[in-house]
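Q: Below is a structure I'd like to ask you about.
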There are 2 protein chains.
Amino acid sequence: MTTMTKKAAAPKFERIAPDERRARLIAASIACLAKGGIQGFTVDNICHEAGTSRGLITHHFGSKNALLAAAYASIYGKVLDNLDRAETTPQSIDELVDMMFADSFLSRDYLNVWLALWGEIAVNPVLQVEHRKNYALYRERIARAISAFARGQGVTVDSYDVATIVISLVDGLWLEQCIDQSLLSLDRAKDLCRRTLTAVLSA
Amino acid sequence: MTTMTKKAAAPKFERIAPDERRARLIAASIACLAKGGIQGFTVDNICHEAGTSRGLITHHFGSKNALLAAAYASIYGKVLDNLDRAETTPQSIDELVDMMFADSFLSRDYLNVWLALWGEIAVNPVLQVEHRKNYALYRERIARAISAFARGQGVTVDSYDVATIVISLVDGLWLEQCIDQSLLSLDRAKDLCRRTLTAVLSA
DNA sequence: CGTTTTACTATACAACCGTATAACAGTGGG
DNA sequence: CCCACTGTTATACGGTTGTATAGTAAAACG
């Protein structure tokens, strides 16, 4: 009664464009994955993190699993975008290494998300499809950069092999740093990567 | 009535030594992790896989999480044992590589277990402790093998750096093979590892 | 053979899981 | 200004979660 004056009656919820809402739910999903791994990826957690009610996941994505796939696509998309945005072909080993680690600035939380997703990919067909698509693009780009760089140096390499080595190495280093950050700093990881790349490319 | 003859009255359950029962529950846990990742690691799944009732996990381990830690310890213990059992110091790059991949014969299922556990380590303090302990021992042993091998070749290296590189590379290669087995065969993984090791050790 | 111990089963429990459903409310078109 | 549309909430649902509890049964000990 007391507040019953006709004063614009504060809206009971925020109504925003579907795309924007989807983006927020994806962001919340990533936050949940970072905090609690795949087990933290629950409807309750996500919607609480996003500040919405539980119904929106179904409404905007159809299912929780579809949201997971969308989140994965979003993350990988950002990585690929960063790779595309990177200027030209790397002119030095250092630039090549920086390119490989361009996304790791996103901190430990971000790495935990990858780890959580990787564990799920192996047992989740929908994620598997999403992964395959993106990984192929990723390796393609890394291989191209390596190929261009090697050509500039007058060296010939099987760029796909080298790309696989470097990607695996970086993933492995991330893994270690992510699991126990006292073992490895970003600088040391870059250093080890540089060292390996130098050796492999000059062999 | 018909079967009411006093014929030793088949026992209603199998009563075995606690150690043996724990081992079986751990084996069942690993099977569940392989099949469904960390989300497949549930009391119901594990006990059904082990052929027991649900009460035994609490009885023998105290909690599900303690069982998970025990399973991780068991897996890592097997890896370390295999490493110890390996003859002497590797005499060639090939032997070194074989040593690194000695456990991967345990197939894709086995790799899925690692992946599931890795994703959990980052967010599970109990697993984190277990991991740190075992990883230190693992790297120690790999570094020692590399050091001994390098000495035999008359090369001097920072064996810990090289160990970190190799372990990361192998983990990364496992990762890829595990996520999408169409990308990488064991032979090719070994080959890439051999190539990297050769390059790094001769630099 | 009777007693004690404890491995084991069965069940109960509250909390949480993902999704389906219905009602509500903000927005744009007429 | 009213209506249709749909983004949003609230709730209900059956099923599953991990653990605590109570009772059963098998083996060990005297």
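Ordering of the structure tokens sets the chain letters (A, B, ...), residue numbers begin anew at 1 in every chain, and ligands are numbered from 1 in the order given.
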Restrict the calculation to only C-alpha atoms (C1' of nucleotides), then for each residue of chain A with any atom at most 9 Å from an atom of chain C give the closest atom pair and their distance in Å to one decimal, rows by chain and rising residue number, as a tab-separated table.
A:
residue	atom	partner	partner_atom	distance
A:Pro11	CA	C:DG26	C1'	8.0
A:Lys12	CA	C:DA25	C1'	7.9
A:Phe13	CA	C:DA25	C1'	8.6
A:Glu14	CA	C:DG26	C1'	8.7
A:Arg15	CA	C:DG26	C1'	6.9
A:Thr42	CA	C:DC17	C1'	8.0
A:Val43	CA	C:DG18	C1'	7.4
A:Gly55	CA	C:DT19	C1'	8.9
A:Thr58	CA	C:DT19	C1'	7.6
A:Ser63	CA	C:DT19	C1'	8.1
A:Lys64	CA	C:DG18	C1'	7.6
Q: Leaving out Ala86 of chain A and any residue of its chain fewer than 2 positions from it, which residues lie within 12 Å of it when counting only C-alpha atoms (C1' of nucleotides), given as a list in words?
A: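 Skipping anything fewer than 2 positions along the chain leaves Val79, Leu80, Asp81, Asn82, Leu83, Asp84, Thr88, Thr89, Pro90, Glu95, Leu96, Asp98, Met99, Met100, Ala102, Asp103, Arg141, Ile142 and Ala145 of chain A.
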Q: Please save N, CA and C atoms of the selected residues as a CSV table (one decimal), in the first residue's frame.
A:
chain,number,residue,atom,x,y,z
A,79,VAL,N,39.9,-17.2,-29.5
A,79,VAL,CA,41.2,-17.6,-29.7
A,79,VAL,C,41.5,-17.4,-31.2
A,80,LEU,N,40.7,-17.9,-32.1
A,80,LEU,CA,40.9,-17.8,-33.5
A,80,LEU,C,40.8,-16.3,-34.0
A,81,ASP,N,40.0,-15.5,-33.4
A,81,ASP,CA,39.9,-14.1,-33.7
A,81,ASP,C,41.2,-13.4,-33.4
A,82,ASN,N,41.7,-13.7,-32.2
A,82,ASN,CA,43.0,-13.1,-31.8
A,82,ASN,C,44.1,-13.5,-32.8
A,83,LEU,N,44.1,-14.7,-33.2
A,83,LEU,CA,45.1,-15.2,-34.1
A,83,LEU,C,44.9,-14.4,-35.4
A,84,ASP,N,43.7,-14.2,-35.9
A,84,ASP,CA,43.5,-13.5,-37.1
A,84,ASP,C,43.9,-12.0,-37.0
A,88,THR,N,51.0,-9.5,-39.1
A,88,THR,CA,51.4,-10.3,-40.3
A,88,THR,C,52.1,-11.6,-39.9
A,89,THR,N,52.9,-12.1,-40.7
A,89,THR,CA,53.6,-13.3,-40.3
A,89,THR,C,54.7,-13.0,-39.3
A,90,PRO,N,54.9,-13.9,-38.3
A,90,PRO,CA,56.0,-13.6,-37.3
A,90,PRO,C,57.3,-13.5,-38.0
A,95,GLU,N,58.4,-13.7,-31.8
A,95,GLU,CA,57.0,-13.3,-32.2
A,95,GLU,C,56.1,-14.6,-32.3
A,96,LEU,N,56.8,-15.6,-32.8
A,96,LEU,CA,56.0,-16.9,-33.0
A,96,LEU,C,55.6,-17.4,-31.6
A,98,ASP,N,55.2,-15.6,-28.9
A,98,ASP,CA,54.2,-14.7,-28.3
A,98,ASP,C,52.8,-15.0,-28.9
A,99,MET,N,52.8,-15.3,-30.2
A,99,MET,CA,51.6,-15.7,-30.8
A,99,MET,C,50.9,-16.9,-30.2
A,100,MET,N,51.8,-17.9,-29.9
A,100,MET,CA,51.2,-19.1,-29.3
A,100,MET,C,50.6,-18.8,-27.9
A,102,ALA,N,49.4,-16.0,-26.9
A,102,ALA,CA,48.7,-14.7,-26.9
A,102,ALA,C,47.4,-14.8,-26.0
A,103,ASP,N,46.9,-15.9,-25.8
A,103,ASP,CA,45.6,-16.0,-25.1
A,103,ASP,C,45.8,-16.3,-23.6
A,141,ARG,N,46.0,-22.5,-38.9
A,141,ARG,CA,46.5,-21.2,-38.8
A,141,ARG,C,48.0,-21.2,-38.2
A,142,ILE,N,48.1,-22.0,-37.2
A,142,ILE,CA,49.5,-22.1,-36.6
A,142,ILE,C,50.5,-22.7,-37.7
A,145,ALA,N,51.4,-20.0,-40.1
A,145,ALA,CA,52.4,-19.1,-39.5
A,145,ALA,C,53.8,-19.6,-39.5
Q: At a cut-off of 8 Å, using only C-alpha atoms (C1' of nucleotides), what residues contact Ile26 of chain B? Leave out same-chain residues fewer than 2 positions from it and give the result as number ranges by chain.
A: B: 22-24, 28-30, 67, 70-71, 74
Q: Using the chain letters and numbers from this document, which residues of segment 88-169 of chain A does DSSP assign to helix (DSSP H, G or I), as a PyMOL selection string?
A: chain A and resi 93-100+104-121+125-153+159-169
Q: I need the contact residues of chain D against chain B, so if you could list those with any atom within 10 Å, counting only C-alpha atoms (C1' of nucleotides), and return them as a list in words, that would help.
A: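 Output check: DT16, DT17, DG18, DT19, DA20, DA25, DA26 and DA27 of chain D.
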